[in-house]
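Dumped entry_39.pdb below, it's PDB, C-alpha atoms, pLDDT in the B column:
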ATOM      1  CA  MET A   1     121.247 115.611  86.730  1.00 47.00           C
ATOM      2  CA  GLN A   2     123.988 113.015  86.582  1.00 63.00           C
ATOM      3  CA  LYS A   3     123.093 109.341  86.237  1.00 70.00           C
ATOM      4  CA  LYS A   4     124.477 108.548  89.701  1.00 80.00           C
ATOM      5  CA  SER A   5     122.205 111.155  91.313  1.00 82.00           C
ATOM      6  CA  VAL A   6     119.159 109.775  89.500  1.00 86.00           C
ATOM      7  CA  VAL A   7     119.900 106.254  90.714  1.00 87.00           C
ATOM      8  CA  ARG A   8     120.413 107.501  94.261  1.00 89.00           C
ATOM      9  CA  SER A   9     117.183 109.497  94.135  1.00 89.00           C
ATOM     10  CA  ILE A  10     115.235 106.424  93.049  1.00 88.00           C
ATOM     11  CA  GLU A  11     116.823 104.345  95.800  1.00 90.00           C
ATOM     12  CA  ILE A  12     115.920 106.945  98.438  1.00 91.00           C
ATOM     13  CA  LEU A  13     112.329 107.159  97.145  1.00 90.00           C
ATOM     14  CA  ASN A  14     112.057 103.381  97.290  1.00 86.00           C
ATOM     15  CA  LEU A  15     113.388 103.285 100.856  1.00 88.00           C
ATOM     16  CA  ILE A  16     110.957 105.918 102.045  1.00 89.00           C
ATOM     17  CA  SER A  17     107.998 104.311 100.264  1.00 83.00           C
ATOM     18  CA  ASN A  18     108.665 101.073 102.150  1.00 79.00           C
ATOM     19  CA  SER A  19     108.724 102.832 105.517  1.00 79.00           C
ATOM     20  CA  ARG A  20     105.452 103.056 107.443  1.00 72.00           C
ATOM     21  CA  ASP A  21     106.294 106.284 109.320  1.00 79.00           C
ATOM     22  CA  GLY A  22     108.820 107.838 106.968  1.00 87.00           C
ATOM     23  CA  LEU A  23     112.562 108.160 107.536  1.00 91.00           C
ATOM     24  CA  SER A  24     114.817 110.796 109.045  1.00 92.00           C
ATOM     25  CA  LEU A  25     117.892 112.167 107.305  1.00 93.00           C
ATOM     26  CA  ASN A  26     120.195 110.129 109.545  1.00 93.00           C
ATOM     27  CA  GLU A  27     118.201 106.927 108.939  1.00 93.00           C
ATOM     28  CA  ILE A  28     118.452 107.410 105.179  1.00 93.00           C
ATOM     29  CA  VAL A  29     122.191 108.048 105.428  1.00 93.00           C
ATOM     30  CA  GLU A  30     122.602 104.924 107.556  1.00 92.00           C
ATOM     31  CA  LYS A  31     120.603 102.727 105.155  1.00 91.00           C
ATOM     32  CA  THR A  32     122.181 104.020 101.942  1.00 90.00           C
ATOM     33  CA  GLU A  33     125.693 104.739 103.274  1.00 90.00           C
ATOM     34  CA  TYR A  34     125.753 107.829 101.052  1.00 92.00           C
ATOM     35  CA  PRO A  35     127.403 111.061 102.283  1.00 92.00           C
ATOM     36  CA  LYS A  36     125.045 113.110 104.431  1.00 93.00           C
ATOM     37  CA  THR A  37     125.431 116.218 102.274  1.00 93.00           C
ATOM     38  CA  THR A  38     124.578 114.196  99.156  1.00 91.00           C
ATOM     39  CA  VAL A  39     121.456 112.735 100.759  1.00 92.00           C
ATOM     40  CA  TYR A  40     120.359 116.145 102.000  1.00 93.00           C
ATOM     41  CA  GLU A  41     120.709 117.683  98.532  1.00 92.00           C
ATOM     42  CA  ILE A  42     118.672 114.877  96.986  1.00 92.00           C
ATOM     43  CA  LEU A  43     115.982 115.258  99.663  1.00 92.00           C
ATOM     44  CA  LEU A  44     115.744 118.998  98.962  1.00 93.00           C
ATOM     45  CA  MET A  45     115.316 118.291  95.250  1.00 91.00           C
ATOM     46  CA  LEU A  46     112.620 115.658  95.916  1.00 91.00           C
ATOM     47  CA  LEU A  47     110.819 118.032  98.295  1.00 90.00           C
ATOM     48  CA  SER A  48     110.873 120.852  95.741  1.00 90.00           C
ATOM     49  CA  THR A  49     109.205 118.594  93.148  1.00 88.00           C
ATOM     50  CA  ASP A  50     106.597 117.254  95.625  1.00 86.00           C
ATOM     51  CA  MET A  51     107.964 113.731  95.333  1.00 88.00           C
ATOM     52  CA  LEU A  52     108.472 113.880  99.110  1.00 90.00           C
ATOM     53  CA  GLN A  53     106.839 115.690 102.005  1.00 90.00           C
ATOM     54  CA  LEU A  54     108.512 116.807 105.224  1.00 90.00           C
ATOM     55  CA  ILE A  55     106.895 115.833 108.518  1.00 88.00           C
ATOM     56  CA  GLU A  56     108.278 118.234 111.103  1.00 85.00           C
ATOM     57  CA  GLY A  57     108.820 117.227 114.725  1.00 82.00           C
ATOM     58  CA  LYS A  58     111.590 116.557 117.222  1.00 81.00           C
ATOM     59  CA  THR A  59     113.159 114.650 114.369  1.00 86.00           C
ATOM     60  CA  ASN A  60     112.113 115.698 110.880  1.00 90.00           C
ATOM     61  CA  ARG A  61     110.929 112.772 108.784  1.00 91.00           C
ATOM     62  CA  TYR A  62     110.462 112.378 105.055  1.00 92.00           C
ATOM     63  CA  LYS A  63     107.448 110.631 103.548  1.00 90.00           C
ATOM     64  CA  ILE A  64     106.206 110.033 100.022  1.00 85.00           C
ATOM     65  CA  GLY A  65     104.742 113.218  98.547  1.00 83.00           C
ATOM     66  CA  LEU A  66     101.691 113.984  96.448  1.00 74.00           C
ATOM     67  CA  LYS A  67     103.476 113.845  93.078  1.00 77.00           C
ATOM     68  CA  ALA A  68     104.922 110.389  93.767  1.00 78.00           C
ATOM     69  CA  PHE A  69     101.484 109.190  94.872  1.00 73.00           C
ATOM     70  CA  VAL A  70      99.838 110.539  91.714  1.00 68.00           C
ATOM     71  CA  ILE A  71     102.418 108.811  89.539  1.00 71.00           C
ATOM     72  CA  GLY A  72     101.992 105.557  91.431  1.00 69.00           C
ATOM     73  CA  ASN A  73      98.226 105.842  91.387  1.00 65.00           C
ATOM     74  CA  SER A  74      98.272 106.317  87.614  1.00 59.00           C
ATOM     75  CA  TYR A  75     100.025 102.973  87.353  1.00 60.00           C
ATOM     76  CA  ILE A  76      97.484 101.372  89.654  1.00 62.00           C
ATOM     77  CA  LYS A  77      94.593 102.716  87.561  1.00 52.00           C
ATOM     78  CA  ASP A  78      96.042 100.997  84.503  1.00 48.00           C
ATOM     79  CA  MET A  79      96.417  97.629  86.139  1.00 65.00           C
ATOM     80  CA  ASP A  80      94.201  94.912  84.687  1.00 78.00           C
ATOM     81  CA  LEU A  81      93.466  93.649  88.182  1.00 87.00           C
ATOM     82  CA  VAL A  82      91.865  96.872  89.391  1.00 88.00           C
ATOM     83  CA  ASN A  83      90.035  97.503  86.139  1.00 86.00           C
ATOM     84  CA  GLU A  84      88.573  94.003  86.107  1.00 88.00           C
ATOM     85  CA  ALA A  85      87.683  94.104  89.808  1.00 93.00           C
ATOM     86  CA  LYS A  86      85.955  97.491  90.032  1.00 92.00           C
ATOM     87  CA  SER A  87      82.408  96.467  89.069  1.00 94.00           C
ATOM     88  CA  ILE A  88      82.504  93.409  91.337  1.00 96.00           C
ATOM     89  CA  VAL A  89      83.905  95.441  94.227  1.00 96.00           C
ATOM     90  CA  ASN A  90      81.300  98.154  93.788  1.00 94.00           C
ATOM     91  CA  ASP A  91      78.435  95.642  93.709  1.00 95.00           C
ATOM     92  CA  LEU A  92      79.783  93.865  96.782  1.00 95.00           C
ATOM     93  CA  CYS A  93      80.027  97.176  98.645  1.00 94.00           C
ATOM     94  CA  ILE A  94      76.322  97.778  98.036  1.00 93.00           C
ATOM     95  CA  ASP A  95      75.382  94.194  98.898  1.00 94.00           C
ATOM     96  CA  LEU A  96      77.271  94.048 102.214  1.00 93.00           C
ATOM     97  CA  ASP A  97      77.120  97.772 103.025  1.00 92.00           C
ATOM     98  CA  MET A  98      80.791  97.593 104.039  1.00 93.00           C
ATOM     99  CA  THR A  99      84.097  98.925 102.767  1.00 94.00           C
ATOM    100  CA  ILE A 100      85.640  96.642 100.154  1.00 95.00           C
ATOM    101  CA  PHE A 101      89.370  96.521  99.417  1.00 95.00           C
ATOM    102  CA  ILE A 102      91.664  95.040  96.802  1.00 95.00           C
ATOM    103  CA  ALA A 103      95.296  94.635  97.880  1.00 94.00           C
ATOM    104  CA  THR A 104      98.458  92.907  96.794  1.00 92.00           C
ATOM    105  CA  LEU A 105     101.452  91.596  98.730  1.00 91.00           C
ATOM    106  CA  GLU A 106     104.903  93.171  98.665  1.00 86.00           C
ATOM    107  CA  GLU A 107     107.306  91.195 100.820  1.00 85.00           C
ATOM    108  CA  ASN A 108     105.697  91.052 104.294  1.00 91.00           C
ATOM    109  CA  GLN A 109     103.210  93.892 103.824  1.00 92.00           C
ATOM    110  CA  ILE A 110     100.088  94.474 101.766  1.00 92.00           C
ATOM    111  CA  ILE A 111      99.516  97.521  99.585  1.00 90.00           C
ATOM    112  CA  TYR A 112      95.938  98.709  99.109  1.00 90.00           C
ATOM    113  CA  LEU A 113      95.183  99.069  95.391  1.00 90.00           C
ATOM    114  CA  TYR A 114      91.472  99.890  95.346  1.00 90.00           C
ATOM    115  CA  LYS A 115      88.801 100.819  97.864  1.00 91.00           C
ATOM    116  CA  LYS A 116      85.051 101.310  97.735  1.00 92.00           C
ATOM    117  CA  GLU A 117      83.141 102.689 100.729  1.00 90.00           C
ATOM    118  CA  PRO A 118      79.378 102.735 101.354  1.00 89.00           C
ATOM    119  CA  GLU A 119      77.720 106.154 101.603  1.00 84.00           C
ATOM    120  CA  ASN A 120      77.480 106.205 105.400  1.00 79.00           C
ATOM    121  CA  VAL A 121      80.692 104.441 106.361  1.00 74.00           C
ATOM    122  CA  PRO A 122      80.852 104.086 110.181  1.00 70.00           C
ATOM    123  CA  ILE A 123      84.609 103.534 110.538  1.00 73.00           C
ATOM    124  CA  TYR A 124      87.876 104.975 109.297  1.00 70.00           C
ATOM    125  CA  THR A 125      89.812 102.562 107.113  1.00 76.00           C
ATOM    126  CA  ALA A 126      93.061 102.539 105.153  1.00 80.00           C
ATOM    127  CA  ASN A 127      93.488 104.484 101.926  1.00 82.00           C
ATOM    128  CA  VAL A 128      94.730 103.426  98.513  1.00 84.00           C
ATOM    129  CA  ALA A 129      98.560 103.086  98.464  1.00 79.00           C
ATOM    130  CA  ASN A 130      98.691 102.605 102.266  1.00 85.00           C
ATOM    131  CA  ARG A 131     100.634  99.639 103.603  1.00 88.00           C
ATOM    132  CA  GLU A 132      99.866  97.265 106.448  1.00 91.00           C
ATOM    133  CA  ASP A 133     101.496  94.185 107.960  1.00 93.00           C
ATOM    134  CA  ALA A 134     100.267  91.030 106.243  1.00 94.00           C
ATOM    135  CA  TYR A 135     100.069  88.801 109.324  1.00 94.00           C
ATOM    136  CA  CYS A 136      97.254  90.794 110.965  1.00 94.00           C
ATOM    137  CA  THR A 137      95.087  91.537 107.918  1.00 95.00           C
ATOM    138  CA  SER A 138      92.532  89.339 106.200  1.00 96.00           C
ATOM    139  CA  LEU A 139      93.990  90.463 102.862  1.00 97.00           C
ATOM    140  CA  GLY A 140      97.538  89.510 103.764  1.00 96.00           C
ATOM    141  CA  LYS A 141      96.576  86.183 105.284  1.00 97.00           C
ATOM    142  CA  ALA A 142      94.401  85.260 102.299  1.00 97.00           C
ATOM    143  CA  ILE A 143      97.380  85.732  99.978  1.00 97.00           C
ATOM    144  CA  LEU A 144      99.936  84.097 102.282  1.00 97.00           C
ATOM    145  CA  ALA A 145      97.732  81.024 102.697  1.00 97.00           C
ATOM    146  CA  HIS A 146      97.870  80.371  98.969  1.00 96.00           C
ATOM    147  CA  LEU A 147     101.602  80.765  98.429  1.00 94.00           C
ATOM    148  CA  PRO A 148     104.005  77.816  98.171  1.00 91.00           C
ATOM    149  CA  GLY A 149     105.334  76.679 101.556  1.00 91.00           C
ATOM    150  CA  PHE A 150     108.902  77.809 100.908  1.00 91.00           C
ATOM    151  CA  GLU A 151     107.681  81.296  99.975  1.00 92.00           C
ATOM    152  CA  GLN A 152     105.482  81.450 103.078  1.00 94.00           C
ATOM    153  CA  ASP A 153     108.472  80.598 105.253  1.00 93.00           C
ATOM    154  CA  ARG A 154     110.727  83.151 103.582  1.00 94.00           C
ATOM    155  CA  ILE A 155     108.217  85.967 104.001  1.00 95.00           C
ATOM    156  CA  ILE A 156     107.138  85.093 107.545  1.00 95.00           C
ATOM    157  CA  ASP A 157     110.773  84.896 108.675  1.00 94.00           C
ATOM    158  CA  THR A 158     111.140  88.604 107.805  1.00 92.00           C
ATOM    159  CA  MET A 159     108.142  89.667 109.893  1.00 94.00           C
ATOM    160  CA  LYS A 160     108.338  91.612 113.130  1.00 92.00           C
ATOM    161  CA  PHE A 161     105.212  90.743 115.071  1.00 94.00           C
ATOM    162  CA  ARG A 162     103.652  93.639 116.997  1.00 93.00           C
ATOM    163  CA  GLN A 163     100.851  93.419 119.552  1.00 93.00           C
ATOM    164  CA  ARG A 164      98.132  95.573 117.984  1.00 93.00           C
ATOM    165  CA  THR A 165      95.264  94.145 120.067  1.00 93.00           C
ATOM    166  CA  LYS A 166      94.719  91.142 122.314  1.00 94.00           C
ATOM    167  CA  GLN A 167      93.672  89.217 119.206  1.00 93.00           C
ATOM    168  CA  THR A 168      96.846  89.812 117.192  1.00 94.00           C
ATOM    169  CA  ILE A 169      98.804  86.735 116.103  1.00 94.00           C
ATOM    170  CA  MET A 170     102.265  87.092 117.581  1.00 95.00           C
ATOM    171  CA  ASN A 171     104.423  84.243 116.241  1.00 95.00           C
ATOM    172  CA  LYS A 172     105.154  82.138 113.181  1.00 95.00           C
ATOM    173  CA  LYS A 173     103.736  78.917 114.608  1.00 95.00           C
ATOM    174  CA  ASP A 174     100.283  80.381 115.270  1.00 96.00           C
ATOM    175  CA  LEU A 175     100.296  82.166 111.914  1.00 96.00           C
ATOM    176  CA  LEU A 176     101.031  78.943 110.038  1.00 96.00           C
ATOM    177  CA  VAL A 177      98.155  77.212 111.836  1.00 96.00           C
ATOM    178  CA  GLU A 178      95.886  80.091 110.815  1.00 95.00           C
ATOM    179  CA  LEU A 179      97.077  79.983 107.200  1.00 96.00           C
ATOM    180  CA  ASN A 180      96.384  76.257 106.981  1.00 96.00           C
ATOM    181  CA  LYS A 181      92.833  76.869 108.233  1.00 96.00           C
ATOM    182  CA  ILE A 182      92.357  79.655 105.690  1.00 96.00           C
ATOM    183  CA  TYR A 183      93.577  77.460 102.844  1.00 96.00           C
ATOM    184  CA  LYS A 184      91.024  74.783 103.742  1.00 95.00           C
ATOM    185  CA  GLN A 185      88.002  77.054 104.249  1.00 94.00           C
ATOM    186  CA  GLY A 186      88.758  79.424 101.375  1.00 95.00           C
ATOM    187  CA  TYR A 187      88.523  82.742 103.200  1.00 97.00           C
ATOM    188  CA  SER A 188      90.450  84.582 105.907  1.00 97.00           C
ATOM    189  CA  VAL A 189      89.365  86.553 108.963  1.00 95.00           C
ATOM    190  CA  ASP A 190      90.938  89.530 110.698  1.00 94.00           C
ATOM    191  CA  ASN A 191      89.039  89.161 113.961  1.00 92.00           C
ATOM    192  CA  ARG A 192      89.865  92.492 115.641  1.00 93.00           C
ATOM    193  CA  GLU A 193      93.596  91.922 115.114  1.00 92.00           C
ATOM    194  CA  ILE A 194      94.392  95.543 114.213  1.00 90.00           C
ATOM    195  CA  LEU A 195      91.500  97.421 115.819  1.00 90.00           C
ATOM    196  CA  ASP A 196      89.332  96.125 118.661  1.00 89.00           C
ATOM    197  CA  PHE A 197      86.102  97.072 116.901  1.00 91.00           C
ATOM    198  CA  VAL A 198      86.800  96.012 113.296  1.00 92.00           C
ATOM    199  CA  LEU A 199      86.354  92.589 111.709  1.00 94.00           C
ATOM    200  CA  CYS A 200      87.417  91.883 108.127  1.00 95.00           C
ATOM    201  CA  LEU A 201      87.106  88.900 105.816  1.00 97.00           C
ATOM    202  CA  GLY A 202      89.259  88.236 102.770  1.00 97.00           C
ATOM    203  CA  ALA A 203      89.633  85.836  99.856  1.00 97.00           C
ATOM    204  CA  PRO A 204      92.449  85.178  97.356  1.00 97.00           C
ATOM    205  CA  ILE A 205      92.528  86.365  93.737  1.00 96.00           C
ATOM    206  CA  PHE A 206      94.392  84.294  91.125  1.00 94.00           C
ATOM    207  CA  ASN A 207      95.796  85.168  87.707  1.00 89.00           C
ATOM    208  CA  HIS A 208      95.677  83.147  84.488  1.00 87.00           C
ATOM    209  CA  LYS A 209      98.650  81.090  85.640  1.00 87.00           C
ATOM    210  CA  GLY A 210      96.888  80.050  88.832  1.00 91.00           C
ATOM    211  CA  LYS A 211      99.129  82.211  91.013  1.00 92.00           C
ATOM    212  CA  CYS A 212      97.635  84.142  93.935  1.00 94.00           C
ATOM    213  CA  ILE A 213      98.402  87.765  93.109  1.00 92.00           C
ATOM    214  CA  ALA A 214      96.019  89.705  95.344  1.00 94.00           C
ATOM    215  CA  ALA A 215      93.034  89.500  97.665  1.00 97.00           C
ATOM    216  CA  ILE A 216      89.663  91.126  98.230  1.00 97.00           C
ATOM    217  CA  SER A 217      88.244  91.967 101.660  1.00 96.00           C
ATOM    218  CA  CYS A 218      85.255  93.492 103.415  1.00 96.00           C
ATOM    219  CA  ALA A 219      85.745  95.634 106.521  1.00 93.00           C
ATOM    220  CA  GLY A 220      83.046  96.407 109.050  1.00 90.00           C
ATOM    221  CA  LEU A 221      82.252  96.825 112.714  1.00 90.00           C
ATOM    222  CA  TYR A 222      82.616  93.744 114.887  1.00 89.00           C
ATOM    223  CA  GLY A 223      79.362  92.461 116.377  1.00 87.00           C
ATOM    224  CA  SER A 224      76.871  89.637 116.723  1.00 85.00           C
ATOM    225  CA  HIS A 225      75.050  90.912 113.618  1.00 86.00           C
ATOM    226  CA  ARG A 226      77.897  89.685 111.402  1.00 87.00           C
ATOM    227  CA  ASN A 227      77.280  86.363 109.621  1.00 93.00           C
ATOM    228  CA  ILE A 228      80.894  85.270 109.120  1.00 92.00           C
ATOM    229  CA  GLU A 229      80.149  82.169 107.096  1.00 94.00           C
ATOM    230  CA  LEU A 230      77.798  83.964 104.703  1.00 95.00           C
ATOM    231  CA  GLU A 231      80.159  86.913 104.284  1.00 94.00           C
ATOM    232  CA  GLY A 232      83.040  84.491 103.737  1.00 94.00           C
ATOM    233  CA  GLU A 233      81.143  82.728 100.982  1.00 95.00           C
ATOM    234  CA  LYS A 234      80.404  86.055  99.291  1.00 96.00           C
ATOM    235  CA  MET A 235      84.067  87.044  99.445  1.00 96.00           C
ATOM    236  CA  VAL A 236      85.115  83.739  97.887  1.00 96.00           C
ATOM    237  CA  LEU A 237      82.571  84.119  95.087  1.00 96.00           C
ATOM    238  CA  ALA A 238      83.672  87.706  94.403  1.00 96.00           C
ATOM    239  CA  ALA A 239      87.341  86.720  94.410  1.00 96.00           C
ATOM    240  CA  MET A 240      86.660  83.856  92.022  1.00 96.00           C
ATOM    241  CA  ALA A 241      84.679  86.134  89.705  1.00 95.00           C
ATOM    242  CA  ILE A 242      87.626  88.543  89.536  1.00 94.00           C
ATOM    243  CA  SER A 243      90.064  85.658  89.040  1.00 93.00           C
ATOM    244  CA  LYS A 244      88.038  84.330  86.098  1.00 93.00           C
ATOM    245  CA  LYS A 245      88.057  87.779  84.500  1.00 90.00           C
ATOM    246  CA  LEU A 246      91.869  87.621  84.765  1.00 88.00           C
ATOM    247  CA  GLY A 247      91.878  84.277  82.938  1.00 89.00           C
ATOM    248  CA  TYR A 248      91.999  81.923  85.886  1.00 89.00           C
ATOM    249  CA  THR A 249      90.631  78.437  85.297  1.00 85.00           C
ATOM    250  CA  LYS A 250      90.134  76.380  88.448  1.00 77.00           C
ATOM    251  CA  ASN A 251      91.624  72.902  88.192  1.00 55.00           C
TER     252      ASN A 251
END

Now that the file is in, can you turn its structure into structure tokens?
Amino acid sequence: MQKKSVVRSIEILNLISNSRDGLSLNEIVEKTEYPKTTVYEILLMLLSTDMLQLIEGKTNRYKIGLKAFVIGNSYIKDMDLVNEAKSIVNDLCIDLDMTIFIATLEENQIIYLYKKEPENVPIYTANVANREDAYCTSLGKAILAHLPGFEQDRIIDTMKFRQRTKQTIMNKKDLLVELNKIYKQGYSVDNREILDFVLCLGAPIFNHKGKCIAAISCAGLYGSHRNIELEGEKMVLAAMAISKKLGYTKN
């Protein structure tokens, strides 16, 4: 395959991977400005190698396929962050009897890197490699709260706020107030902002340079049985334990 086709294939894969619901042929053509026949040929090649999957409907859409996921997941497995976090995540899952996540931020969305569920998990949650908007997740807010102000502004200005539930934050002003609160208390809360019956708490993870590179969260059913302050403290301790394993030294 010619170099130009390889570059175009990578660009199309990247576009589709950043799309929540996949992209149609026309959307890909519009975004890349490549000839429609060229795009179609590349899509056929990517489908034949399982790098993409075709979601049929009124408008056919292309999403990341199994082979691309396996390749990406192999990279994730080799990441120091996930390797260092696994034992802490697994212990926390047993302690809280809730699903525990590790995620990182890519522009205005989080990407789930690792997940540990209890044996009798009562709710459906996201899977590894899934994406979600940062402004309505405890993971995303935990990371955003610990970024420099100029970076916060840049990222938030690219967000398109959607009303997921009555609790969802819907504008930059309210989000900044929330992020300031999170920074002061050390942990974040997704109080039924995506699903009416799910409450999540998150805390930031730092690398050896003191930069917030990820977050850890617990996800469980909303209810009066939840001790937010205690769970928040446990998330902060777990996040700090992971950070120290990555070489972080608190000033």

Applied to the shown file, which residues does the PyMOL selection byres ((chain A and resi 102) around 9) return, written as a PyMOL selection string? chain A and resi 81-82+85+89+100-101+103-104+111-115+139+214-217

Result set of the PyMOL selection byres ((chain A and resi 105) around 12) on the coordinates above, as JSON, numbers by chain: {"A": [102, 103, 104, 106, 107, 108, 109, 110, 111, 112, 113, 129, 130, 131, 132, 133, 134, 135, 137, 138, 139, 140, 141, 142, 143, 144, 145, 146, 147, 152, 155, 204, 205, 212, 213, 214, 215, 216]}

Distance CA of Asp174 (chain A)-CA of Ser224 (chain A), one decimal place?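 Interatomic distance here is 25.2 Å.
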
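Relative to CA of Asn83 (chain A), CA of Val198 (chain A) is found at 27.4 Å.
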
Go ahead and compute the interatomic distance for CA of Leu15 (chain A) and CA of Cys200 (chain A), in Å to one decimal. 29.3 Å

Would you please work out which residue, of A:Ala219, A:Ala203, A:Leu43, A:Ala241, is nearest to Pro118 (chain A) when using all atoms listed in the file?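 Of A:Ala219, A:Ala203, A:Leu43, A:Ala241, the one nearest Pro118 (chain A) is A:Ala219, counting all atoms listed in the file.
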
Counting all atoms listed in the file, which residue out of A:Asp95, A:Glu231, A:Glu151, A:Asp157 sits closest to Gly202 (chain A)? A:Glu231

Nearest to Ser19 (chain A): which of A:His225, A:Arg61, A:Lys250, A:Lys3 is it, counting all atoms listed in the file? A:Arg61

Between A:Leu221, A:Met159, A:Tyr34, A:Asn90, which one has atoms that come closest to Ile123 (chain A), using all atoms listed in the file? A:Leu221
